[in-house]
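Everything below concerns the one structure shown next.
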Amino acid sequence: MHRHMTTTALLAASLTAGAAQAENRIDRQLPNAPELAAYGDHAVGVRTLEMVNRDQIDILAIDPAADKPDEMPRYDRPLTVEMYYPAAEGAQGETAFKAYLRDGTTEVTLQGQAMRDVDPASGETFPLVLISHGYPGNRYLLSHLAENLASKGYVVASIDHTDSTYRTQAAFGSTLVNRSLDQLFVLEQMAQKAAEGGDFAGLYDAENTGLIGYSMGGYGAIITAGGGVTEASVGYTWGGPHGTLGIHQAGSDTHDALPDPRIKTAVAFGPWGMNRGFWDAEGLAGVQIPMLFIAGSQDDTSLYEDGIRAIWQNTSNVDRALLTYMNAGHNAGAPMPAPTESYYFSEDKGFNISEHYTDAVWDTARMNNIAQHFVTAWMDSHLKNDAEKGATLIW
């Protein structure tokens, strides 16, 4: 079964004036927001978790121009995770937080609804959702969606992918090889934390997990869902050095063993790869879980007809849907509203930093609200068995 949804484009409004913009709010709800975009009944808490994935292949230490080493260099790979969760009734805490812009050097203050380090709710166990940003990005880029889902009864773990954040951006091969591995490692770490007890005891069920990825996070989500990459992509000289991407090749023993049954569904915003030969029908037929794809019809990064739509068409063995923002680009739905400080031309990067967050046609808050609506409907349908929410996918 597959579905295709479109929604008409809204001409871009000029910057929303006044306090909301000055505060760099990530939680804006417009008067025309669809029904399920609204925040839920739970107050939201947030904590920062530090994780280390031991003994991983060190892609950055491999020289692709030299002979293939007899043994691949290895290292302990650090990952920072922002955990959003339903908070205890009556909780009070700081809702401002610091994050770096796309330039990697400017730190700004953002404002949402999640309260720092407050006690979690008790008496109910929630589904777990993982969020995986693009290249580059960071764990806050989809924070509007993370805290929105947490308010509706989800625990959300949003990952900083080493070598792929604004401040750690490095060779692309690391992102190609590590993205799915990071997602699955964080899932296992979250499962272990729940089992250890303490504040997390009974808070969430890692056996009932959803995955959300944007751009390269969407690429990783397809791999994690069971989609294997092509033999040609494994051999790209600019990709994973010396065939290291082969662990994710369709039909390989390593990739066949990769999918984790704890992940029940996935959402991919602007997933990258079809445009560069990483996917074909055989590889995409390996996807094993229901997937929602979200795209802009004018995406010039991942492409649309020959990119995201083609991925949706070839993910042929599962229930899947495609939500299209007509005339939107690669930023359709996923990035938070552009912080005020991002509106400047960076000589170092060669573009206006705000372009990383904005769209030429759509208002970002409008895109975010639509994404919040459809992702809520999708996750409630697949992780909470809420059949009524499935009906709202047609809007």
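FYI, nothing fancy with the structure tokens labels: chains A, B, ... in order, residues from 1 per chain, ligands from 1 as they appear.
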(Q) Show me, as a PyMOL selection string, the residues that have an atom within 12 Å of Thr105 in chain A when counting only C-alpha atoms, minus same-chain residues fewer than 6 positions from it. (A) chain A and resi 99+165-168+341-342+346+348-349+353
Dump of N, CA, C and O atoms for the selected residues, as a PDB file, in the first residue's frame:
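The resulting out.pdb:
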ATOM      1  N   ALA A  99      22.752  27.041  21.208  1.00  0.00           N
ATOM      2  CA  ALA A  99      23.084  26.189  20.069  1.00  0.00           C
ATOM      3  C   ALA A  99      23.939  26.982  19.090  1.00  0.00           C
ATOM      4  O   ALA A  99      23.848  28.213  19.024  1.00  0.00           O
ATOM      5  N   THR A 165      28.449  17.474  12.463  1.00  0.00           N
ATOM      6  CA  THR A 165      27.815  18.665  13.036  1.00  0.00           C
ATOM      7  C   THR A 165      28.477  19.917  12.487  1.00  0.00           C
ATOM      8  O   THR A 165      29.510  19.860  11.822  1.00  0.00           O
ATOM      9  N   TYR A 166      27.888  21.054  12.797  1.00  0.00           N
ATOM     10  CA  TYR A 166      28.439  22.325  12.316  1.00  0.00           C
ATOM     11  C   TYR A 166      29.870  22.537  12.794  1.00  0.00           C
ATOM     12  O   TYR A 166      30.676  23.163  12.112  1.00  0.00           O
ATOM     13  N   ARG A 167      30.188  22.019  13.967  1.00  0.00           N
ATOM     14  CA  ARG A 167      31.515  22.239  14.553  1.00  0.00           C
ATOM     15  C   ARG A 167      32.471  21.077  14.363  1.00  0.00           C
ATOM     16  O   ARG A 167      33.658  21.204  14.680  1.00  0.00           O
ATOM     17  N   THR A 168      31.963  19.946  13.876  1.00  0.00           N
ATOM     18  CA  THR A 168      32.848  18.785  13.675  1.00  0.00           C
ATOM     19  C   THR A 168      32.843  18.301  12.226  1.00  0.00           C
ATOM     20  O   THR A 168      33.385  17.229  11.943  1.00  0.00           O
ATOM     21  N   GLU A 341      20.135  35.787  14.374  1.00  0.00           N
ATOM     22  CA  GLU A 341      21.564  35.998  14.126  1.00  0.00           C
ATOM     23  C   GLU A 341      22.061  35.317  12.858  1.00  0.00           C
ATOM     24  O   GLU A 341      23.179  35.568  12.418  1.00  0.00           O
ATOM     25  N   SER A 342      21.231  34.453  12.265  1.00  0.00           N
ATOM     26  CA  SER A 342      21.666  33.746  11.058  1.00  0.00           C
ATOM     27  C   SER A 342      21.504  34.577   9.793  1.00  0.00           C
ATOM     28  O   SER A 342      22.015  34.195   8.733  1.00  0.00           O
ATOM     29  N   SER A 346      27.967  35.007   5.168  1.00  0.00           N
ATOM     30  CA  SER A 346      29.236  34.528   5.713  1.00  0.00           C
ATOM     31  C   SER A 346      30.273  34.468   4.599  1.00  0.00           C
ATOM     32  O   SER A 346      30.112  33.713   3.636  1.00  0.00           O
ATOM     33  N   ASP A 348      33.168  33.245   4.945  1.00  0.00           N
ATOM     34  CA  ASP A 348      33.818  31.945   5.085  1.00  0.00           C
ATOM     35  C   ASP A 348      33.035  30.850   4.360  1.00  0.00           C
ATOM     36  O   ASP A 348      33.617  30.036   3.635  1.00  0.00           O
ATOM     37  N   LYS A 349      31.706  30.831   4.547  1.00  0.00           N
ATOM     38  CA  LYS A 349      30.881  29.784   3.938  1.00  0.00           C
ATOM     39  C   LYS A 349      30.446  30.127   2.517  1.00  0.00           C
ATOM     40  O   LYS A 349      30.104  29.237   1.731  1.00  0.00           O
ATOM     41  N   ILE A 353      23.803  32.630   5.979  1.00  0.00           N
ATOM     42  CA  ILE A 353      23.626  31.499   6.888  1.00  0.00           C
ATOM     43  C   ILE A 353      22.148  31.151   7.082  1.00  0.00           C
ATOM     44  O   ILE A 353      21.791  29.987   7.272  1.00  0.00           O
TER      45      ILE A 353
END
**Q.** Spatial neighbours of Ala121 in chain A, max dist 9 Å, only C-alpha atoms, sep filter under 6 positions, as number ranges by chain
**A.** A: 42-43, 85-89, 203
Q. Can you list every residue in range 116-281 of chain A that DSSP puts in strand (DSSP E), as a PyMOL selection string?
A. chain A and resi 116+126-132+155-160+204-214+263-269
For the selection you just gave me, I'd like the residues written to a file as a CSV table (one decimal), in the first residue's frame, keeping N, CA, C and O atoms.
chain,number,residue,atom,x,y,z
A,116,ARG,N,14.8,22.3,31.2
A,116,ARG,CA,16.1,21.7,31.4
A,116,ARG,C,16.1,20.9,32.7
A,116,ARG,O,15.9,21.4,33.8
A,126,PHE,N,6.2,5.4,27.5
A,126,PHE,CA,6.0,6.0,26.3
A,126,PHE,C,6.9,5.4,25.2
A,126,PHE,O,7.9,4.8,25.4
A,127,PRO,N,6.4,5.5,23.9
A,127,PRO,CA,7.3,5.0,22.8
A,127,PRO,C,8.6,5.9,22.7
A,127,PRO,O,8.6,7.1,23.2
A,128,LEU,N,9.6,5.4,22.1
A,128,LEU,CA,10.9,6.1,21.9
A,128,LEU,C,11.0,6.5,20.4
A,128,LEU,O,10.6,5.7,19.6
A,129,VAL,N,11.5,7.7,20.2
A,129,VAL,CA,11.7,8.2,18.8
A,129,VAL,C,13.2,8.7,18.8
A,129,VAL,O,13.6,9.4,19.6
A,130,LEU,N,13.9,8.3,17.7
A,130,LEU,CA,15.3,8.8,17.5
A,130,LEU,C,15.2,9.8,16.4
A,130,LEU,O,14.5,9.7,15.4
A,131,ILE,N,16.0,10.9,16.5
A,131,ILE,CA,16.1,11.9,15.5
A,131,ILE,C,17.5,12.1,15.0
A,131,ILE,O,18.4,12.2,15.8
A,132,SER,N,17.7,12.1,13.7
A,132,SER,CA,19.0,12.1,13.1
A,132,SER,C,19.1,13.3,12.1
A,132,SER,O,18.4,13.3,11.1
A,155,VAL,N,9.2,9.8,24.2
A,155,VAL,CA,10.5,10.2,24.6
A,155,VAL,C,11.4,10.2,23.3
A,155,VAL,O,11.4,9.3,22.5
A,156,VAL,N,12.1,11.3,23.1
A,156,VAL,CA,12.8,11.6,21.9
A,156,VAL,C,14.3,11.8,22.1
A,156,VAL,O,14.7,12.5,23.0
A,157,ALA,N,15.1,11.0,21.4
A,157,ALA,CA,16.6,11.1,21.5
A,157,ALA,C,17.1,11.7,20.2
A,157,ALA,O,17.1,11.0,19.2
A,158,SER,N,17.6,12.9,20.3
A,158,SER,CA,18.1,13.6,19.1
A,158,SER,C,19.6,13.6,19.1
A,158,SER,O,20.2,14.1,20.1
A,159,ILE,N,20.2,13.1,18.0
A,159,ILE,CA,21.6,12.8,18.1
A,159,ILE,C,22.5,13.9,17.4
A,159,ILE,O,22.2,14.4,16.4
A,160,ASP,N,23.6,14.2,18.0
A,160,ASP,CA,24.7,14.9,17.4
A,160,ASP,C,25.6,13.9,16.8
A,160,ASP,O,26.3,13.1,17.5
A,204,TYR,N,10.1,4.8,29.1
A,204,TYR,CA,9.9,4.6,27.7
A,204,TYR,C,10.2,3.1,27.4
A,204,TYR,O,10.9,2.4,28.1
A,205,ASP,N,9.7,2.7,26.2
A,205,ASP,CA,9.8,1.3,25.8
A,205,ASP,C,10.6,1.3,24.5
A,205,ASP,O,10.2,1.6,23.4
A,206,ALA,N,11.9,0.9,24.6
A,206,ALA,CA,12.8,0.9,23.5
A,206,ALA,C,12.4,-0.2,22.5
A,206,ALA,O,12.9,-0.2,21.4
A,207,GLU,N,11.6,-1.1,22.9
A,207,GLU,CA,11.1,-2.2,22.0
A,207,GLU,C,10.1,-1.6,21.0
A,207,GLU,O,9.7,-2.3,20.1
A,208,ASN,N,9.6,-0.4,21.3
A,208,ASN,CA,8.6,0.3,20.4
A,208,ASN,C,9.2,1.7,20.0
A,208,ASN,O,8.8,2.7,20.6
A,209,THR,N,10.0,1.6,19.0
A,209,THR,CA,10.8,2.8,18.6
A,209,THR,C,10.5,3.3,17.2
A,209,THR,O,10.3,2.4,16.3
A,210,GLY,N,10.5,4.6,17.0
A,210,GLY,CA,10.4,5.2,15.7
A,210,GLY,C,11.7,5.9,15.4
A,210,GLY,O,12.4,6.3,16.3
A,211,LEU,N,11.9,6.2,14.1
A,211,LEU,CA,13.2,6.8,13.7
A,211,LEU,C,12.8,8.0,12.7
A,211,LEU,O,12.0,7.8,11.8
A,212,ILE,N,13.4,9.2,12.9
A,212,ILE,CA,13.2,10.3,12.1
A,212,ILE,C,14.5,10.8,11.6
A,212,ILE,O,15.4,11.0,12.4
A,213,GLY,N,14.7,10.9,10.3
A,213,GLY,CA,16.0,11.4,9.7
A,213,GLY,C,15.7,12.5,8.7
A,213,GLY,O,14.8,12.5,7.9
A,214,TYR,N,16.6,13.5,8.7
A,214,TYR,CA,16.6,14.6,7.7
A,214,TYR,C,17.8,14.5,6.8
A,214,TYR,O,18.9,14.5,7.3
A,263,ILE,N,12.8,-1.1,16.0
A,263,ILE,CA,12.4,0.1,15.2
A,263,ILE,C,11.2,-0.3,14.4
A,263,ILE,O,11.4,-1.2,13.5
A,264,LYS,N,10.1,0.2,14.7
A,264,LYS,CA,8.8,-0.2,14.0
A,264,LYS,C,8.5,0.6,12.8
A,264,LYS,O,7.7,0.2,12.0
A,265,THR,N,9.0,1.9,12.7
A,265,THR,CA,8.6,2.7,11.6
A,265,THR,C,9.7,3.9,11.5
A,265,THR,O,10.5,4.1,12.4
A,266,ALA,N,9.7,4.5,10.3
A,266,ALA,CA,10.6,5.6,10.1
A,266,ALA,C,10.0,6.7,9.3
A,266,ALA,O,9.1,6.5,8.5
A,267,VAL,N,10.5,7.9,9.5
A,267,VAL,CA,10.1,9.1,8.7
A,267,VAL,C,11.4,9.7,8.1
A,267,VAL,O,12.4,9.9,8.9
A,268,ALA,N,11.4,9.9,6.8
A,268,ALA,CA,12.6,10.5,6.2
A,268,ALA,C,12.3,11.8,5.5
A,268,ALA,O,11.5,11.8,4.5
A,269,PHE,N,12.8,12.9,6.0
A,269,PHE,CA,12.7,14.2,5.4
A,269,PHE,C,13.8,14.4,4.3
A,269,PHE,O,15.0,14.2,4.7
**Q.** Top pick for closest residue to Pro290 in chain A, considering A:Ala225, A:Ile311, A:Met326, A:Ala338 and counting only C-alpha atoms
**A.** A:Ala225
Q: Using only C-alpha atoms, find the one residue out of A:Tyr154, A:Asp117, A:Val229, A:Pro339 that sits nearest to Tyr100 in chain A.
A: A:Pro339
Q. Quick one, how far is CA of Glu188 in chain A from CA of Leu49 in chain A?
A. 13.6 Å
Q.
Using only C-alpha atoms, which protein or nucleic acid residues come within 6 Å of Arg179 in chain A? Drop anything in the same chain fewer than 3 positions from it, and give the result as JSON, numbers by chain.
A. {"A": [175, 182, 220]}
Q | Residues near Asp199 in chain A, cut-off 10 Å, only C-alpha atoms, skip fewer than 2 positions along chain, as a list of chain:residue names | A | A:Asp119, A:Pro120, A:Ala121, A:Ser122, A:Lys193, A:Ala194, A:Glu196, A:Gly197, A:Ala201, A:Gly202, A:Leu203
Q. Which value, in Å to one decimal, gives the distance between CA of Ile294 in chain A and CA of Met379 in chain A?
A.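 These atoms are spaced 13.9 Å apart.
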